[in-house]
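To keep things clear, I will list the structure first and then write my remarks on it.
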Amino acid sequence: MSVDQKMDSGRRQLLVATSAAGGVAAVATAVPFVASLTPSERAKAAGAPVEADISKLAPGEMMTVEWRGKPVWILRRTPEMLASLDKTDAAVSDPESAKEMQPEYAKNKSRSIKPEYLVTVGICTHLGCSPSDKFKVGADSGMGDDWHGGFLCPCHGSKFDLSGRVYKSMPAPDNLEVPPHKYLSDTTILIGDDSKA
Ligand code: FES
């Protein structure tokens, strides 16, 4: 073996040793880094926004996603459901959500960014029970002939329409909460973040 070959061999071993040490260091730092970025349950509980895929939600159907430990309902309203809001307008206590601290896009009849989709927290504003959906209308609903579809809280009987607007003279003082949210695409809603950036 020539002198050059010996040097090359020595340099190679040195390089191997260095990269091995570098590899160990990289692994050691990568573990906590990855752990901190994984959208774990812990992070969700702390308030991380949650993405909802609404691509499979058919008209008239509702899905629930969990955000900050709360159920968030996403209801895809049919044209008939949207038309019912005109009928309930005079019967609800705060038709434009004017008195509540809610996002600007909740301050209208449909209480939504896109009228087709209602996004609301499924917790009664009285004492925190979870209302049931009552989407059937009229006598079939069991809610009376003049029921236009909505939600009923089983605890003390508060009724809400298909925009989550509470009817007048109910125990619940306010409309259901509309959480901050925005559309990332036509089929994905981000719950918990409505920043423009
Ligand atoms: S908790 Fe809903 S009516 Fe009381």
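Naming scheme: A, B, ... for chains in displayed order of the structure tokens; residues 1 onward per chain; ligands 1 onward as shown.
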
Show me which residues are within 9 Å of ligand 1 counting only C-alpha atoms and all ligand atoms, and format the list as a list in words.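 Listed by chain and ascending number, the contacts are Ile123, Cys124, Thr125, His126, Leu127, Gly128, Cys129, Ser130, Pro131, Leu152, Cys153, Pro154, Cys155, His156, Gly157, Ser158, Lys159, Met170, Pro171 and Ala172 of chain A.
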
8 Å contact set for Trp73 in chain A, only C-alpha atoms, chain neighbours under 3 positions out, as an MDAnalysis selection string: chainID A and resid 62:65 118:122

DSSP strand (DSSP E or B) selection over range 71-164 of chain A, as number ranges by chain: A: 71-76, 92, 117-121, 132-134, 150-152, 159-161

Okay, now the selection with N, CA and C atoms, as a PDB file, in the first residue's frame?
ATOM      1  N   PRO A  71     -68.002  19.232  20.765  1.00  0.00           N
ATOM      2  CA  PRO A  71     -68.510  18.771  19.461  1.00  0.00           C
ATOM      3  C   PRO A  71     -68.823  19.981  18.581  1.00  0.00           C
ATOM      4  N   VAL A  72     -68.295  19.964  17.376  1.00  0.00           N
ATOM      5  CA  VAL A  72     -68.649  21.012  16.405  1.00  0.00           C
ATOM      6  C   VAL A  72     -69.441  20.347  15.297  1.00  0.00           C
ATOM      7  N   TRP A  73     -70.645  20.849  15.091  1.00  0.00           N
ATOM      8  CA  TRP A  73     -71.517  20.288  14.063  1.00  0.00           C
ATOM      9  C   TRP A  73     -71.298  21.017  12.737  1.00  0.00           C
ATOM     10  N   ILE A  74     -71.295  20.235  11.686  1.00  0.00           N
ATOM     11  CA  ILE A  74     -71.304  20.820  10.340  1.00  0.00           C
ATOM     12  C   ILE A  74     -72.521  20.239   9.638  1.00  0.00           C
ATOM     13  N   LEU A  75     -73.493  21.094   9.389  1.00  0.00           N
ATOM     14  CA  LEU A  75     -74.745  20.675   8.745  1.00  0.00           C
ATOM     15  C   LEU A  75     -74.773  21.231   7.324  1.00  0.00           C
ATOM     16  N   ARG A  76     -74.920  20.325   6.369  1.00  0.00           N
ATOM     17  CA  ARG A  76     -75.075  20.764   4.979  1.00  0.00           C
ATOM     18  C   ARG A  76     -76.567  20.933   4.696  1.00  0.00           C
ATOM     19  N   VAL A  92     -87.503  33.544  16.539  1.00  0.00           N
ATOM     20  CA  VAL A  92     -86.253  33.397  17.296  1.00  0.00           C
ATOM     21  C   VAL A  92     -85.909  34.712  17.987  1.00  0.00           C
ATOM     22  N   TYR A 117     -73.638  25.634   4.459  1.00  0.00           N
ATOM     23  CA  TYR A 117     -73.033  24.921   5.594  1.00  0.00           C
ATOM     24  C   TYR A 117     -73.179  25.709   6.890  1.00  0.00           C
ATOM     25  N   LEU A 118     -73.837  25.075   7.863  1.00  0.00           N
ATOM     26  CA  LEU A 118     -73.857  25.623   9.211  1.00  0.00           C
ATOM     27  C   LEU A 118     -72.717  24.969  10.001  1.00  0.00           C
ATOM     28  N   VAL A 119     -71.895  25.777  10.632  1.00  0.00           N
ATOM     29  CA  VAL A 119     -70.824  25.273  11.497  1.00  0.00           C
ATOM     30  C   VAL A 119     -71.084  25.844  12.882  1.00  0.00           C
ATOM     31  N   THR A 120     -71.385  24.987  13.833  1.00  0.00           N
ATOM     32  CA  THR A 120     -71.744  25.501  15.157  1.00  0.00           C
ATOM     33  C   THR A 120     -71.337  24.519  16.250  1.00  0.00           C
ATOM     34  N   VAL A 121     -71.110  25.050  17.437  1.00  0.00           N
ATOM     35  CA  VAL A 121     -70.760  24.196  18.574  1.00  0.00           C
ATOM     36  C   VAL A 121     -72.043  23.557  19.111  1.00  0.00           C
ATOM     37  N   SER A 132     -80.346  17.622  20.595  1.00  0.00           N
ATOM     38  CA  SER A 132     -80.560  16.568  19.597  1.00  0.00           C
ATOM     39  C   SER A 132     -81.045  17.215  18.308  1.00  0.00           C
ATOM     40  N   ASP A 133     -80.685  16.571  17.170  1.00  0.00           N
ATOM     41  CA  ASP A 133     -81.206  17.126  15.925  1.00  0.00           C
ATOM     42  C   ASP A 133     -82.643  16.664  15.716  1.00  0.00           C
ATOM     43  N   LYS A 134     -83.427  17.579  15.242  1.00  0.00           N
ATOM     44  CA  LYS A 134     -84.848  17.333  14.941  1.00  0.00           C
ATOM     45  C   LYS A 134     -85.099  17.893  13.546  1.00  0.00           C
ATOM     46  N   GLY A 150     -84.825  21.671  13.250  1.00  0.00           N
ATOM     47  CA  GLY A 150     -83.870  22.372  14.104  1.00  0.00           C
ATOM     48  C   GLY A 150     -83.297  21.429  15.141  1.00  0.00           C
ATOM     49  N   PHE A 151     -83.141  21.934  16.347  1.00  0.00           N
ATOM     50  CA  PHE A 151     -82.521  21.169  17.427  1.00  0.00           C
ATOM     51  C   PHE A 151     -83.322  21.369  18.707  1.00  0.00           C
ATOM     52  N   LEU A 152     -83.335  20.317  19.523  1.00  0.00           N
ATOM     53  CA  LEU A 152     -84.025  20.382  20.813  1.00  0.00           C
ATOM     54  C   LEU A 152     -83.054  19.963  21.906  1.00  0.00           C
ATOM     55  N   LYS A 159     -85.274  25.199  22.270  1.00  0.00           N
ATOM     56  CA  LYS A 159     -85.383  24.850  20.855  1.00  0.00           C
ATOM     57  C   LYS A 159     -84.555  25.828  20.030  1.00  0.00           C
ATOM     58  N   PHE A 160     -83.932  25.288  18.997  1.00  0.00           N
ATOM     59  CA  PHE A 160     -83.108  26.093  18.091  1.00  0.00           C
ATOM     60  C   PHE A 160     -83.520  25.764  16.657  1.00  0.00           C
ATOM     61  N   ASP A 161     -83.404  26.752  15.771  1.00  0.00           N
ATOM     62  CA  ASP A 161     -83.740  26.478  14.373  1.00  0.00           C
ATOM     63  C   ASP A 161     -82.511  25.930  13.637  1.00  0.00           C
TER      64      ASP A 161
END

Expressed in Å to a single decimal, how great is the separation between CA of Glu104 in chain A and CA of Pro49 in chain A? 18.9 Å

Considering only C-alpha atoms, state which residue in the set A:Thr88, A:Ser55, A:Asn175, A:Ser112 is at the smallest distance from Asp146 in chain A. A:Thr88

Please indicate the distance in Å from CA of Ala98 in chain A to CA of Pro115 in chain A, rounded to one decimal place.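 Computing the Euclidean distance for CA of Ala98 in chain A and CA of Pro115 in chain A yields 17.7 Å.
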
Set the distance at 8 Å and use only C-alpha atoms: which residues neighbour Ile54 in chain A once local chain neighbours fewer than 5 positions away are removed? I'd like the list as a ChimeraX atom specification. /A:187-189

Which of these, A:Asp186, A:Glu177, A:Ser195, A:His148, has the shortest distance to Ala91 in chain A once you count only C-alpha atoms? A:His148

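Look at Lys196 in chain A: the protein and nucleic acid residues within 12 Å of it, using only C-alpha atoms and passing over chain neighbours fewer than 5 places away, are A:Pro180, A:His181, A:Lys182, A:Tyr183, A:Leu184.
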
Using CA of Arg165 in chain A and CA of Ser97 in chain A as the two end points, give the distance in Å to one decimal.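 Interatomic distance here is 7.9 Å.
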
Pick from A:Arg68, A:Lys136, A:Arg111, A:Lys99: nearest to Met81 in chain A, with only C-alpha atoms counted?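 That would be A:Lys136, the residue with the smallest distance to Met81 in chain A.
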
Measuring between only C-alpha atoms, which one of A:Ser141, A:Gln102, A:Ser169, A:Ser110 shows the shortest distance to Asp89 in chain A? A:Ser110
